[in-house]
Amino acid sequence: MQCSLQYCTRLFERATAERFGRYFRTLLHSALARPDGSIAGLDMIPADERRMLLVDFNASVSPYPGDKTVPEL
(Lines give C-alpha, C1' and ligand atoms only; values in the text may rest on other atoms or scores of the structure.)
Protein backbone atom coordinates (compact mmCIF):
# COMPACT_ATOMS: atom_id res chain seq x y z
CA MET A 1 0.00 0.00 0.00
CA GLN A 2 1.27 3.42 -0.85
CA CYS A 3 -0.01 6.81 0.17
CA SER A 4 0.92 10.44 -0.34
CA LEU A 5 0.00 13.56 1.55
CA GLN A 6 -0.74 16.90 -0.05
CA TYR A 7 -1.14 20.03 2.05
CA CYS A 8 -1.23 23.79 1.72
CA THR A 9 2.22 25.15 2.54
CA ARG A 10 0.69 28.52 3.42
CA LEU A 11 -1.26 26.89 6.24
CA PHE A 12 1.04 24.15 7.53
CA GLU A 13 4.75 23.74 8.05
CA ARG A 14 6.37 20.61 6.66
CA ALA A 15 6.99 19.22 10.18
CA THR A 16 3.28 19.55 10.98
CA ALA A 17 2.25 17.73 7.80
CA GLU A 18 4.77 14.97 8.52
CA ARG A 19 3.39 14.60 12.06
CA PHE A 20 -0.15 14.31 10.66
CA GLY A 21 1.16 11.62 8.29
CA ARG A 22 2.66 9.68 11.22
CA TYR A 23 -0.65 9.93 13.08
CA PHE A 24 -2.53 8.59 10.06
CA ARG A 25 -0.03 5.74 9.60
CA THR A 26 -0.30 4.81 13.30
CA LEU A 27 -4.11 4.90 13.06
CA LEU A 28 -4.09 2.61 9.99
CA HIS A 29 -1.69 0.14 11.64
CA SER A 30 -3.86 0.11 14.75
CA ALA A 31 -7.05 -0.46 12.74
CA LEU A 32 -5.49 -3.26 10.69
CA ALA A 33 -4.09 -4.96 13.79
CA ARG A 34 -7.55 -5.06 15.42
CA PRO A 35 -10.14 -5.06 12.63
CA ASP A 36 -12.95 -6.10 14.98
CA GLY A 37 -11.98 -3.61 17.69
CA SER A 38 -13.77 -0.46 18.75
CA ILE A 39 -12.91 2.83 17.08
CA ALA A 40 -12.41 4.31 20.54
CA GLY A 41 -9.65 1.76 21.15
CA LEU A 42 -7.55 2.70 18.13
CA ASP A 43 -4.16 4.27 18.67
CA MET A 44 -3.38 7.42 16.73
CA ILE A 45 -0.32 8.81 18.46
CA PRO A 46 2.88 6.76 18.13
CA ALA A 47 4.10 5.14 21.35
CA ASP A 48 7.20 7.36 21.71
CA GLU A 49 5.16 10.55 21.35
CA ARG A 50 2.44 9.23 23.70
CA ARG A 51 5.11 8.55 26.35
CA MET A 52 6.53 12.06 25.88
CA LEU A 53 3.09 13.68 26.26
CA LEU A 54 1.85 11.59 29.17
CA VAL A 55 5.03 10.89 31.12
CA ASP A 56 7.92 13.18 30.18
CA PHE A 57 5.95 16.44 29.98
CA ASN A 58 4.13 15.60 33.22
CA ALA A 59 7.27 15.01 35.25
CA SER A 60 6.57 18.10 37.30
CA VAL A 61 6.99 16.94 40.86
CA SER A 62 7.58 19.84 43.18
CA PRO A 63 7.47 20.10 46.95
CA TYR A 64 4.22 21.38 48.38
CA PRO A 65 4.47 23.51 51.48
CA GLY A 66 2.03 21.69 53.75
CA ASP A 67 1.85 24.54 56.23
CA LYS A 68 0.26 27.00 53.74
CA THR A 69 -3.23 27.22 52.31
CA VAL A 70 -3.94 27.71 48.64
CA PRO A 71 -4.79 31.44 49.05
CA GLU A 72 -1.53 31.97 50.93
CA LEU A 73 0.40 30.47 48.06
# chains A, B, ... in the order shown; residues from 1 in each chain; ligands from 1

$ residues_around --residues "stretch 24-31 of chain A" --least-positions-apart "4" --cutoff "6 Å" --atoms "only C-alpha atoms" --output "list of chain:residue names"
A:Pro35, A:Leu42, A:Asp43, A:Met44

$ write_last_selection --atoms "all heavy atoms" --output "mmCIF file, in the first residue's frame"
data_model
loop_
_atom_site.group_PDB
_atom_site.id
_atom_site.type_symbol
_atom_site.label_atom_id
_atom_site.label_comp_id
_atom_site.auth_asym_id
_atom_site.auth_seq_id
_atom_site.Cartn_x
_atom_site.Cartn_y
_atom_site.Cartn_z
ATOM 1 N N PRO A 35 -9.037 -5.424 13.513
ATOM 2 C CA PRO A 35 -10.143 -5.059 12.625
ATOM 3 C C PRO A 35 -11.524 -5.160 13.275
ATOM 4 O O PRO A 35 -12.455 -4.485 12.848
ATOM 5 C CB PRO A 35 -10.014 -6.038 11.454
ATOM 6 C CG PRO A 35 -9.181 -7.151 11.953
ATOM 7 C CD PRO A 35 -8.318 -6.598 13.035
ATOM 8 N N LEU A 42 -8.643 2.568 19.091
ATOM 9 C CA LEU A 42 -7.554 2.697 18.125
ATOM 10 C C LEU A 42 -6.512 3.695 18.609
ATOM 11 O O LEU A 42 -6.842 4.736 19.177
ATOM 12 C CB LEU A 42 -8.089 3.147 16.762
ATOM 13 C CG LEU A 42 -9.034 2.184 16.050
ATOM 14 C CD1 LEU A 42 -9.520 2.800 14.748
ATOM 15 C CD2 LEU A 42 -8.367 0.851 15.804
ATOM 16 N N ASP A 43 -5.251 3.355 18.354
ATOM 17 C CA ASP A 43 -4.157 4.267 18.674
ATOM 18 C C ASP A 43 -3.942 5.207 17.497
ATOM 19 O O ASP A 43 -3.996 4.789 16.341
ATOM 20 C CB ASP A 43 -2.864 3.492 18.922
ATOM 21 C CG ASP A 43 -2.943 2.610 20.148
ATOM 22 O OD1 ASP A 43 -3.593 3.034 21.125
ATOM 23 O OD2 ASP A 43 -2.367 1.514 20.123
ATOM 24 N N MET A 44 -3.682 6.471 17.786
ATOM 25 C CA MET A 44 -3.381 7.418 16.730
ATOM 26 C C MET A 44 -1.998 8.031 16.932
ATOM 27 O O MET A 44 -1.299 8.308 15.976
ATOM 28 C CB MET A 44 -4.428 8.529 16.683
ATOM 29 C CG MET A 44 -4.236 9.469 15.515
ATOM 30 S SD MET A 44 -5.550 10.672 15.342
ATOM 31 C CE MET A 44 -4.935 11.983 16.360
#

$ select_by_dssp --residues "stretch 16-70 of chain A" --states "helix (DSSP H, G or I)" --output "VMD selection string"
chain A and resid 16 to 33 39 to 41 47 to 56
